[in-house]
Amino acid sequence: MIMAIQDTTEKENKIFEEEFLPQIDALYTFAYHLTYNEEDANDLVQETYLKAYRFIGKYIEGTNAKAWLFKILKNAFINQYRKKSKQPTKIDFEEIISFHDEEDTSYSGYQDLREEMFEHMMGDEVTNAINSLPVDFRVVILLCDIEGFTYEEISKIVDIPIGTVRSRLHRARNMLKERLKEYAANLGYRDKRNKLNN
C-alpha cells in the first residue's frame, strides 16, 4: 500500500515538473493580459498550479497540459472577477501617501518591468487595444493569436461552442482593426479594400 502511494506521488511529481512547469511563462503572459497587474497575475498563476496539483489525478498524462492549465487559470480569473465585482472598491492609503511623498510623482515610476516588456514586444497601441477589449473577446484573441491554441482547444478552455469561438474571434479582430486603424496608417499601412474602391 505504501509503495503504491509512493509510486503515485512520484508519477504526479514527474507530470507536474515535465508537463505543467514548462507552461509557466505562457500562463503568466495570459494572466497578465487578463489582470493588467503583476501581483494579480502571479496570484492567478500560483492558484492555477495549486489547483492543478490538487486535481492532478484528473489529468491524463501526455495530453494537452497547456490547454488544461489555461482552463484552470481562466476559471480562477472568472471566480476572482466575480468576487471583486461584489466587493466595494478598496483604496490602499499607504500607496497614496508614498505617491505624494515622492519627489517625482510621474507615473513612469510605477510602470513595472512586465508592462515594459509587452510594450517593446507589441507597442503601446497594440497592447492598449488588446487590453481595451471586453474580457470575452480579449480571452479568445489571447488564446488564438498570442498563444496559438486551435478553435477546438479554445472551445474547451472557455467552455463555449466552436461556432461561438469563431464569432467572438471575428468580432474581436474587427474591434482591434478599428482601434488600430489610425496607428497602422501612421506606420504606412493602407487597407487594400479602400485602395481598390478609390
# chains A, B, ... in the order shown; residues from 1 in each chain; ligands from 1

$ residues_around --residues "range 183-188 of chain A" --least-positions-apart "4" --cutoff "9 Å" --atoms "only C-alpha atoms" --output "list in words"
Glu125, Val126 and Arg179 of chain A

$ closest_residue --among "A:Leu169, A:Asp124, A:Tyr151, A:Gly57" --to "Asp136 in chain A" --atoms "only C-alpha atoms"
A:Leu169

$ atom_distance --atom1 "CA of Thr48 in chain A" --atom2 "CA of Arg171 in chain A"
28.6 Å

$ closest_residue --among "A:Lys156, A:Lys14, A:Lys51, A:Lys177" --to "Ala129 in chain A" --atoms "only C-alpha atoms"
A:Lys177

$ residues_around --residues "Leu142 in chain A" --least-positions-apart "3" --cutoff "12 Å" --atoms "only C-alpha atoms" --output "ChimeraX atom specification"
/A:26-27,29-34,70,74,127,130-131,133,135-139,145-150,154,158,168-169,172-173
